[in-house]
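The structure file structure17.txt is reproduced below (compact mmCIF, C-alpha atoms).
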```
# COMPACT_ATOMS: atom_id res chain seq x y z
CA MET O 1210 -72.84 -48.79 -39.24
CA THR O 1211 -70.09 -50.73 -40.78
CA GLU O 1212 -69.30 -51.75 -37.22
CA SER O 1213 -72.62 -53.65 -37.14
CA PRO O 1214 -72.00 -57.26 -37.99
CA VAL O 1215 -74.73 -59.38 -39.45
CA PHE O 1216 -77.05 -61.20 -37.12
CA GLU O 1217 -75.97 -64.30 -35.20
CA ALA O 1218 -77.68 -66.30 -32.46
CA GLN O 1219 -76.20 -68.93 -30.12
CA VAL O 1220 -78.42 -71.07 -27.92
CA GLN O 1221 -77.22 -72.15 -24.45
CA GLN O 1222 -79.34 -74.73 -22.66
CA ARG O 1223 -79.21 -74.57 -18.85
CA PRO O 1224 -81.45 -76.34 -16.33
CA GLY O 1225 -84.87 -74.70 -16.50
CA THR O 1226 -83.63 -71.75 -18.54
CA THR O 1227 -82.37 -71.38 -22.07
CA PHE O 1228 -80.30 -68.41 -23.16
CA ILE O 1229 -80.20 -67.06 -26.69
CA ASP O 1230 -77.08 -64.94 -27.15
CA LEU O 1231 -77.80 -62.48 -29.96
CA SER O 1232 -75.31 -60.36 -31.86
CA GLY O 1233 -75.32 -57.90 -34.76
CA ARG O 1234 -78.45 -56.37 -36.21
CA ILE O 1235 -82.00 -57.46 -35.49
CA ASP O 1236 -83.97 -56.54 -38.57
CA ALA O 1237 -85.75 -58.22 -41.48
CA ALA O 1238 -82.60 -60.12 -42.44
CA SER O 1239 -82.46 -61.80 -39.03
CA GLU O 1240 -86.00 -63.20 -39.07
CA GLU O 1241 -85.10 -66.75 -40.09
CA GLY O 1242 -82.10 -67.02 -37.77
CA LEU O 1243 -83.97 -65.60 -34.79
CA ASN O 1244 -86.96 -67.90 -35.25
CA GLU O 1245 -84.69 -70.94 -35.68
CA ALA O 1246 -82.80 -70.07 -32.51
CA TYR O 1247 -86.07 -69.66 -30.62
CA LYS O 1248 -87.30 -73.02 -31.91
CA GLU O 1249 -84.09 -74.67 -30.72
CA ALA O 1250 -84.37 -72.86 -27.38
CA GLU O 1251 -87.85 -74.18 -26.68
CA SER O 1252 -87.00 -77.75 -27.71
CA ASN O 1253 -86.16 -78.68 -24.09
CA ASN O 1254 -89.36 -77.06 -22.88
CA PRO O 1255 -87.65 -74.58 -20.53
CA SER O 1256 -89.77 -72.51 -18.19
CA THR O 1257 -87.84 -69.40 -19.16
CA ILE O 1258 -86.07 -68.24 -22.29
CA VAL O 1259 -83.66 -65.35 -21.90
CA LEU O 1260 -82.62 -63.16 -24.81
CA ASN O 1261 -79.14 -61.72 -24.39
CA PHE O 1262 -78.81 -58.43 -26.27
CA SER O 1263 -75.31 -57.54 -25.02
CA GLU O 1264 -73.76 -57.83 -28.49
CA VAL O 1265 -76.68 -56.41 -30.47
CA THR O 1266 -75.80 -53.21 -32.30
CA TYR O 1267 -79.09 -52.27 -33.96
CA ILE O 1268 -82.77 -53.13 -33.65
CA ASN O 1269 -85.27 -51.63 -36.04
CA SER O 1270 -89.06 -51.72 -36.17
CA THR O 1271 -89.01 -55.08 -37.94
CA GLY O 1272 -86.75 -56.40 -35.19
CA ILE O 1273 -89.24 -55.14 -32.59
CA ALA O 1274 -91.98 -56.98 -34.49
CA LEU O 1275 -89.90 -60.19 -34.42
CA ILE O 1276 -89.47 -59.86 -30.65
CA VAL O 1277 -93.24 -59.30 -30.31
CA GLY O 1278 -93.73 -62.53 -32.27
CA LEU O 1279 -91.42 -64.44 -29.90
CA LEU O 1280 -93.20 -62.97 -26.90
CA ALA O 1281 -96.56 -64.08 -28.29
CA LYS O 1282 -95.21 -67.63 -28.79
CA ALA O 1283 -93.78 -67.72 -25.28
CA ARG O 1284 -97.03 -66.55 -23.73
CA GLN O 1285 -98.99 -69.15 -25.68
CA ALA O 1286 -96.69 -71.85 -24.29
CA LYS O 1287 -96.95 -70.31 -20.81
CA ARG O 1288 -93.23 -69.68 -20.87
CA LYS O 1289 -91.45 -66.63 -19.48
CA LEU O 1290 -89.44 -64.53 -21.88
CA ALA O 1291 -86.78 -62.33 -20.29
CA VAL O 1292 -84.10 -60.04 -21.69
CA TYR O 1293 -80.81 -58.60 -20.56
CA GLY O 1294 -77.93 -56.61 -21.98
CA LEU O 1295 -80.03 -53.92 -23.64
CA SER O 1296 -78.32 -50.56 -24.14
CA GLU O 1297 -79.94 -47.44 -22.66
CA HIS O 1298 -81.38 -46.60 -26.06
CA TYR O 1299 -83.05 -49.96 -26.56
CA LEU O 1300 -84.21 -50.02 -22.93
CA GLU O 1301 -86.05 -46.82 -23.78
CA ILE O 1302 -87.52 -48.43 -26.89
CA PHE O 1303 -88.64 -51.45 -24.86
CA ARG O 1304 -90.30 -49.02 -22.45
CA ILE O 1305 -92.14 -46.95 -25.06
CA THR O 1306 -93.32 -50.03 -26.96
CA ARG O 1307 -94.34 -51.55 -23.60
CA LEU O 1308 -92.35 -54.71 -24.29
CA SER O 1309 -90.81 -54.24 -20.85
CA ASP O 1310 -94.31 -54.55 -19.31
CA PHE O 1311 -94.49 -58.11 -20.59
CA MET O 1312 -90.88 -59.27 -20.27
CA GLU O 1313 -88.54 -59.25 -17.32
CA VAL O 1314 -85.66 -56.94 -18.10
CA TYR O 1315 -82.35 -57.62 -16.37
CA THR O 1316 -79.16 -55.65 -16.49
CA ASP O 1317 -76.95 -58.75 -16.50
CA GLU O 1318 -77.02 -62.51 -16.84
CA THR O 1319 -77.39 -63.20 -13.10
CA MET U 1368 -79.22 -18.31 -72.21
CA GLU U 1369 -77.32 -15.44 -70.69
CA ALA U 1370 -76.69 -15.71 -66.98
CA PRO U 1371 -77.88 -12.92 -64.75
CA GLU U 1372 -75.11 -11.08 -62.98
CA GLY U 1373 -73.62 -13.12 -60.17
CA CYS U 1374 -74.78 -16.46 -61.56
CA VAL U 1375 -72.91 -19.03 -63.52
CA VAL U 1376 -74.73 -21.05 -66.13
CA MET U 1377 -73.83 -24.67 -66.55
CA ASN U 1378 -75.63 -26.78 -69.08
CA ILE U 1379 -76.67 -29.67 -66.93
CA LYS U 1380 -79.79 -31.59 -67.73
CA LEU U 1381 -81.40 -32.97 -64.65
CA HIS U 1382 -83.68 -35.96 -64.51
CA PRO U 1383 -86.23 -36.95 -61.90
CA SER U 1384 -83.71 -39.33 -60.33
CA ASP U 1385 -81.27 -36.51 -59.77
CA PRO U 1386 -81.35 -35.25 -56.20
CA LEU U 1387 -81.21 -31.63 -57.29
CA PHE U 1388 -84.27 -32.13 -59.46
CA GLU U 1389 -86.08 -33.39 -56.39
CA VAL U 1390 -84.95 -30.47 -54.31
CA ILE U 1391 -86.47 -28.04 -56.76
CA LEU U 1392 -89.69 -29.82 -57.47
CA LYS U 1393 -90.66 -31.26 -54.16
CA SER U 1394 -92.07 -28.07 -52.71
CA LYS U 1395 -95.03 -25.99 -53.68
CA GLY U 1396 -95.25 -22.27 -53.26
CA SER U 1397 -92.37 -20.52 -51.67
CA ILE U 1398 -89.73 -23.19 -51.71
CA LYS U 1399 -88.18 -24.10 -48.39
CA THR U 1400 -84.66 -25.04 -49.28
CA ARG U 1401 -82.05 -23.30 -47.25
CA ASP U 1402 -79.88 -22.84 -50.31
CA LEU U 1403 -82.22 -21.05 -52.61
CA GLU U 1404 -85.42 -19.11 -52.76
CA LEU U 1405 -87.98 -19.61 -55.48
CA ASP U 1406 -90.85 -17.20 -55.63
CA SER U 1407 -94.20 -19.00 -55.68
CA THR U 1408 -95.43 -17.18 -58.77
CA ILE U 1409 -92.33 -18.08 -60.69
CA LEU U 1410 -92.47 -21.65 -59.49
CA SER U 1411 -96.10 -21.88 -60.52
CA THR U 1412 -95.24 -20.51 -63.97
CA LEU U 1413 -92.43 -23.01 -64.29
CA LYS U 1414 -94.69 -25.87 -63.32
CA THR U 1415 -97.33 -24.76 -65.80
CA ASN U 1416 -94.80 -24.69 -68.60
CA GLY U 1417 -92.94 -27.77 -67.48
CA ILE U 1418 -89.38 -27.46 -66.28
CA ASP U 1419 -86.96 -29.03 -68.68
CA THR U 1420 -83.64 -27.55 -67.80
CA LEU U 1421 -82.32 -26.62 -64.42
CA GLU U 1422 -78.94 -25.04 -64.14
CA PRO U 1423 -77.44 -24.99 -60.71
CA TYR U 1424 -75.06 -22.39 -59.46
CA TRP U 1425 -72.43 -23.89 -57.19
CA ALA U 1426 -69.64 -22.38 -55.13
CA ASP U 1427 -67.33 -24.20 -52.77
CA GLY U 1428 -69.35 -27.34 -53.23
CA GLN U 1429 -72.56 -25.69 -52.03
CA LEU U 1430 -75.65 -25.18 -54.12
CA LEU U 1431 -76.29 -21.47 -54.02
CA GLY U 1432 -78.92 -21.00 -56.64
CA VAL U 1433 -80.63 -22.44 -59.65
CA ILE U 1434 -81.56 -21.04 -63.00
CA CYS U 1435 -84.65 -22.65 -64.38
CA GLN U 1436 -85.96 -22.45 -67.90
CA SER U 1437 -89.15 -23.64 -69.49
CA HIS U 1438 -88.62 -26.22 -72.21
CA GLN U 1439 -90.89 -24.10 -74.39
CA GLU U 1440 -88.31 -21.66 -75.71
CA ALA U 1441 -91.00 -19.39 -77.13
CA ALA U 1442 -92.49 -18.96 -73.72
CA TYR U 1443 -89.16 -18.02 -72.21
CA SER U 1444 -89.07 -14.67 -70.51
CA GLU U 1445 -87.14 -12.89 -67.81
CA ASP U 1446 -89.84 -13.89 -65.35
CA GLN U 1447 -88.91 -17.48 -65.79
CA ILE U 1448 -85.33 -17.04 -64.76
CA VAL U 1449 -84.72 -17.75 -61.13
CA CYS U 1450 -81.50 -17.17 -59.36
CA ALA U 1451 -80.27 -16.78 -55.87
CA SER U 1452 -77.15 -15.20 -54.60
CA PRO U 1453 -75.35 -15.91 -51.36
CA THR U 1454 -75.24 -12.21 -50.71
CA ILE U 1455 -79.02 -11.96 -50.96
CA HIS U 1456 -80.02 -15.09 -49.13
CA GLN U 1457 -78.74 -15.71 -45.62
CA PRO U 1458 -79.83 -19.20 -44.78
CA GLU U 1459 -80.87 -19.93 -41.21
CA TYR U 1460 -79.91 -23.52 -41.80
CA ARG U 1461 -76.62 -24.87 -42.99
CA LEU U 1462 -76.59 -27.90 -45.25
CA LEU U 1463 -74.32 -30.57 -43.79
CA LYS U 1464 -74.96 -33.30 -46.32
CA ARG U 1465 -77.24 -34.22 -49.18
CA PHE U 1466 -77.22 -37.70 -50.64
CA THR U 1467 -79.45 -40.36 -52.11
CA VAL U 1468 -79.80 -44.08 -51.51
CA ALA U 1469 -81.33 -46.53 -53.95
CA SER U 1470 -84.59 -48.08 -52.79
CA GLN U 1471 -83.28 -51.52 -51.93
CA PRO U 1472 -83.78 -53.47 -48.69
CA GLY U 1473 -81.01 -52.76 -46.23
CA ASN U 1474 -79.99 -49.41 -47.70
CA GLU U 1475 -81.29 -47.63 -44.62
CA ILE U 1476 -78.01 -48.72 -43.03
CA SER U 1477 -76.11 -46.65 -45.60
CA ALA U 1478 -78.37 -43.66 -44.83
CA ILE U 1479 -77.74 -44.07 -41.10
CA GLU U 1480 -73.97 -44.28 -41.66
CA GLN U 1481 -73.89 -41.18 -43.84
CA VAL U 1482 -76.01 -39.14 -41.45
CA THR U 1483 -73.92 -40.31 -38.50
CA THR U 1484 -70.75 -39.17 -40.26
CA ALA U 1485 -72.33 -35.84 -41.18
CA ILE U 1486 -73.41 -35.02 -37.63
CA ASN U 1487 -70.21 -36.17 -35.90
CA PRO U 1488 -68.73 -32.65 -35.88
CA LEU U 1489 -71.78 -31.49 -33.91
CA ASN U 1490 -70.78 -33.79 -31.03
CA PRO U 1491 -74.28 -35.09 -30.32
CA SER U 1492 -74.75 -36.91 -27.02
CA ARG U 1493 -74.88 -40.70 -27.22
CA ARG U 1494 -78.63 -40.56 -26.58
CA GLN U 1495 -79.16 -38.01 -29.37
CA ALA U 1496 -77.00 -40.00 -31.79
CA GLU U 1497 -78.91 -43.22 -31.10
CA ARG U 1498 -82.26 -41.50 -31.49
CA ILE U 1499 -81.14 -39.95 -34.78
CA LYS U 1500 -80.00 -43.35 -36.07
CA THR U 1501 -83.35 -44.95 -35.27
CA ALA U 1502 -85.33 -42.03 -36.75
CA VAL U 1503 -83.27 -41.95 -39.96
CA GLY U 1504 -83.35 -45.73 -40.37
CA GLU U 1505 -87.10 -45.99 -39.92
CA THR U 1506 -87.94 -42.98 -42.09
CA THR U 1507 -85.64 -44.18 -44.88
CA MET U 1508 -87.15 -47.66 -44.72
CA ASN U 1509 -90.64 -46.18 -44.96
CA ALA U 1510 -89.58 -44.02 -47.91
CA MET U 1511 -88.04 -46.97 -49.78
CA GLU U 1512 -90.94 -49.30 -49.05
CA HIS U 1513 -94.11 -47.19 -49.03
CA GLY U 1514 -92.97 -44.22 -51.14
CA ASN U 1515 -90.81 -45.90 -53.76
CA HIS U 1516 -92.09 -49.49 -53.49
CA TYR U 1517 -88.48 -50.69 -53.44
CA GLN U 1518 -87.90 -49.65 -57.05
CA PRO U 1519 -84.11 -49.20 -57.19
CA ASP U 1520 -84.33 -46.51 -59.87
CA LYS U 1521 -86.32 -44.35 -57.48
CA PRO U 1522 -83.85 -43.03 -54.94
CA VAL U 1523 -84.56 -41.63 -51.53
CA LEU U 1524 -83.10 -38.18 -50.98
CA VAL U 1525 -81.68 -37.43 -47.53
CA GLU U 1526 -80.72 -33.89 -46.51
CA VAL U 1527 -79.08 -33.04 -43.22
CA LEU U 1528 -79.30 -29.42 -42.09
CA VAL U 1529 -78.34 -27.69 -38.91
CA SER U 1530 -79.19 -24.40 -37.27
CA GLU U 1531 -77.86 -23.00 -34.02
CA THR U 1532 -80.32 -25.07 -32.04
CA ASP U 1533 -81.77 -27.76 -34.28
CA LEU U 1534 -80.83 -30.64 -36.49
CA VAL U 1535 -83.22 -31.03 -39.41
CA LEU U 1536 -83.46 -34.17 -41.53
CA LEU U 1537 -85.44 -34.11 -44.75
CA ILE U 1538 -86.17 -37.50 -46.28
CA THR U 1539 -87.91 -37.46 -49.64
CA ASP U 1540 -89.39 -40.22 -51.78
CA PHE U 1541 -91.56 -40.44 -54.88
CA GLY U 1542 -94.75 -41.22 -52.97
CA GLY U 1543 -96.37 -37.81 -53.37
CA GLN U 1544 -99.29 -39.31 -55.26
CA ASN U 1545 -99.99 -41.95 -52.65
CA GLU U 1546 -102.89 -41.37 -50.35
CA ILE U 1547 -101.61 -41.24 -46.81
CA MET U 1548 -103.78 -43.43 -44.65
CA PRO U 1549 -103.66 -42.79 -40.93
CA GLY U 1550 -101.70 -45.65 -39.46
CA GLU U 1551 -103.07 -47.88 -36.76
CA HIS U 1552 -101.57 -46.96 -33.40
CA PRO U 1553 -99.52 -49.96 -32.31
CA ASP U 1554 -101.07 -51.64 -29.30
CA LEU U 1555 -98.95 -54.37 -27.78
CA ASP U 1556 -101.91 -55.99 -26.01
CA ALA U 1557 -103.71 -56.26 -29.35
CA LYS U 1558 -100.60 -57.58 -31.07
CA LEU U 1559 -100.07 -60.27 -28.44
CA ALA U 1560 -103.74 -61.22 -28.69
CA GLY U 1561 -103.42 -61.59 -32.47
CA LEU U 1562 -105.77 -58.67 -33.11
CA GLN U 1563 -103.04 -56.53 -34.72
CA SER U 1564 -100.08 -57.47 -36.86
CA PRO U 1565 -96.83 -57.69 -34.86
CA ARG U 1566 -95.46 -55.10 -37.32
CA GLY U 1567 -96.33 -51.43 -37.69
CA TRP U 1568 -93.87 -49.86 -35.22
CA GLY U 1569 -91.95 -47.64 -37.66
CA LEU U 1570 -93.91 -44.38 -37.48
CA PHE U 1571 -94.42 -44.84 -33.74
CA LEU U 1572 -90.67 -45.13 -33.22
CA ILE U 1573 -89.93 -42.10 -35.41
CA GLU U 1574 -92.43 -39.94 -33.54
CA ASN U 1575 -90.89 -40.95 -30.24
CA MET U 1576 -87.31 -40.28 -31.33
CA VAL U 1577 -87.67 -36.69 -32.57
CA ASP U 1578 -88.91 -33.41 -31.17
CA ARG U 1579 -91.00 -32.53 -34.21
CA MET U 1580 -92.10 -34.32 -37.35
CA LYS U 1581 -93.88 -32.89 -40.38
CA VAL U 1582 -94.93 -34.45 -43.66
CA PHE U 1583 -95.15 -32.61 -46.98
CA THR U 1584 -96.51 -33.94 -50.27
CA ASP U 1585 -96.79 -32.18 -53.60
CA GLY U 1586 -98.31 -34.74 -55.94
CA THR U 1587 -94.93 -36.16 -56.90
CA PHE U 1588 -92.74 -36.14 -53.86
CA HIS U 1589 -93.32 -36.97 -50.25
CA THR U 1590 -91.00 -35.43 -47.68
CA VAL U 1591 -90.71 -36.19 -44.00
CA GLU U 1592 -89.08 -33.44 -41.95
CA LEU U 1593 -87.59 -34.54 -38.65
CA VAL U 1594 -86.41 -31.94 -36.18
CA LEU U 1595 -84.25 -32.69 -33.17
CA ARG U 1596 -83.29 -29.99 -30.75
CA LEU U 1597 -79.58 -29.99 -30.16
CA LYS U 1598 -79.75 -27.28 -27.52
CA PRO U 1599 -82.61 -26.28 -25.23
CA GLU U 1600 -84.55 -23.11 -26.01
CA GLY U 1601 -82.62 -20.02 -25.02
CA GLU U 1602 -79.21 -21.67 -25.27
CA ALA U 1603 -78.62 -20.84 -28.91
```
Can you turn what I pasted into structure tokens?
Amino acid sequence: MTESPVFEAQVQQRPGTTFIDLSGRIDAASEEGLNEAYKEAESNNPSTIVLNFSEVTYINSTGIALIVGLLAKARQAKRKLAVYGLSEHYLEIFRITRLSDFMEVYTDET
Amino acid sequence: MEAPEGCVVMNIKLHPSDPLFEVILKSKGSIKTRDLELDSTILSTLKTNGIDTLEPYWADGQLLGVICQSHQEAAYSEDQIVCASPTIHQPEYRLLKRFTVASQPGNEISAIEQVTTAINPLNPSRRQAERIKTAVGETTMNAMEHGNHYQPDKPVLVEVLVSETDLVLLITDFGGQNEIMPGEHPDLDAKLAGLQSPRGWGLFLIENMVDRMKVFTDGTFHTVELVLRLKPEGEA
């Protein structure tokens, strides 16, 4: 997957909701960057944090574990964690892992 | 050593890190490889005596057979010569690619890329291709981490084979001596409650991505066989 760039995360603060735009691969190498982005996202105490997976090319089991970790943090803070932009393949993985039972899954940003 | 008729002898010394060495030694009994057949009695004799030299017989870039010889010259006999001929053995499976990756974090990406390239001519659907990528990535990661403990000198062997209906992936590491503990089934409720580690999704993902999965160990090597149906039954 030479077409898979390394992980990047951009945080967009909006009233009540913070978006984290993710790109590249979500795996062990992205742990620090993902957790830093999440920390920045929750700094304004938003009621909802939305993870945008539109530009994500690969998620492995470690990446799933990182998302589970973020979900656990969000639930502890009584915050909603939502996702959008997942490909069909990763929608299926969110279904079989049951992540989609605990997170709102949207097809687009609206 | 004189080659039996139809075989070519090449003096190549293989070491445990050589993929061909792994191919020969990783199976017990009647060896499975689609390229060659080793009789279980002969294999057992070879193992008893210790295989020192393996001489592969190649044609058109394909491994067609192997001549094995005990390192104990005195014990050498006709029984310990093994060869296979393409005219004798009609493999059900065709080898698309065989390669190794060093056991280093991130090298599963190289395995995914190489498998993706190998299966491109089969025109898998997007769904199949994505499932194969996830299965190969997770299995290779497990092999590097749990089988080879991320020791770079211990490679992971990846073989991609195809039949009329199935794609078969064989991923082999050096973890054949490790006791395989049944993994904890990942439970998201338990993970969110802090009762289970957030990790531990690899095997679960693999099992959900393929149609069949088998594990073989032989005391040295540990092989995971992943089978994905490319065509439904009856459409071969």
Contacts from chain O to chain U, 8 Å maximum, only C-alpha atoms: show me the residue list as a PDB file with C-alpha atoms, keeping the file's coordinate frame.
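Result file follows (iface_37.pdb):
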```pdb
ATOM      1  CA  MET O1210     -72.840 -48.790 -39.240  1.00  0.00           C
ATOM      2  CA  THR O1211     -70.090 -50.730 -40.780  1.00  0.00           C
ATOM      3  CA  ASN O1269     -85.270 -51.630 -36.040  1.00  0.00           C
ATOM      4  CA  SER O1270     -89.060 -51.720 -36.170  1.00  0.00           C
ATOM      5  CA  THR O1271     -89.010 -55.080 -37.940  1.00  0.00           C
ATOM      6  CA  ILE O1273     -89.240 -55.140 -32.590  1.00  0.00           C
ATOM      7  CA  ALA O1274     -91.980 -56.980 -34.490  1.00  0.00           C
ATOM      8  CA  LEU O1275     -89.900 -60.190 -34.420  1.00  0.00           C
ATOM      9  CA  VAL O1277     -93.240 -59.300 -30.310  1.00  0.00           C
ATOM     10  CA  GLY O1278     -93.730 -62.530 -32.270  1.00  0.00           C
ATOM     11  CA  LEU O1280     -93.200 -62.970 -26.900  1.00  0.00           C
ATOM     12  CA  ALA O1281     -96.560 -64.080 -28.290  1.00  0.00           C
ATOM     13  CA  HIS O1298     -81.380 -46.600 -26.060  1.00  0.00           C
ATOM     14  CA  ILE O1302     -87.520 -48.430 -26.890  1.00  0.00           C
ATOM     15  CA  THR O1306     -93.320 -50.030 -26.960  1.00  0.00           C
ATOM     16  CA  ARG O1307     -94.340 -51.550 -23.600  1.00  0.00           C
ATOM     17  CA  LEU O1308     -92.350 -54.710 -24.290  1.00  0.00           C
TER      18      LEU O1308
END
```
* Suppose you want the space between CA of Tyr1315 (chain O) and CA of Val1292 (chain O); what is it in Å? -> 6.1 Å
* Asked: Which one is closest to Gly1272 (chain O): O:Pro1255, O:Gly1242, O:Pro1214, O:Pro1224? Count only C-alpha atoms.
  ->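 Of the candidates, the smallest distance to Gly1272 (chain O) is held by O:Gly1242.
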* **Pick from U:Glu1592, U:Asp1540, U:Glu1551, U:Glu1526, whichever lies nearest to His1513 (chain U) using all atoms listed in the file** =>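 Of U:Glu1592, U:Asp1540, U:Glu1551, U:Glu1526, the one nearest His1513 (chain U) is U:Asp1540, counting all atoms listed in the file.
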* Asked: What is the distance, in Å and to one decimal place, between CA of Val1591 (chain U) and CA of Ala1485 (chain U)?
  ->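 Taking CA of Val1591 (chain U) and CA of Ala1485 (chain U), their separation equals 18.6 Å.
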* Asked: Can you tell me how far CA of Ile1258 (chain O) sits from CA of Glu1301 (chain O), in Å to one decimal?
  ->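 Here the two named atoms are 21.5 Å from each other.
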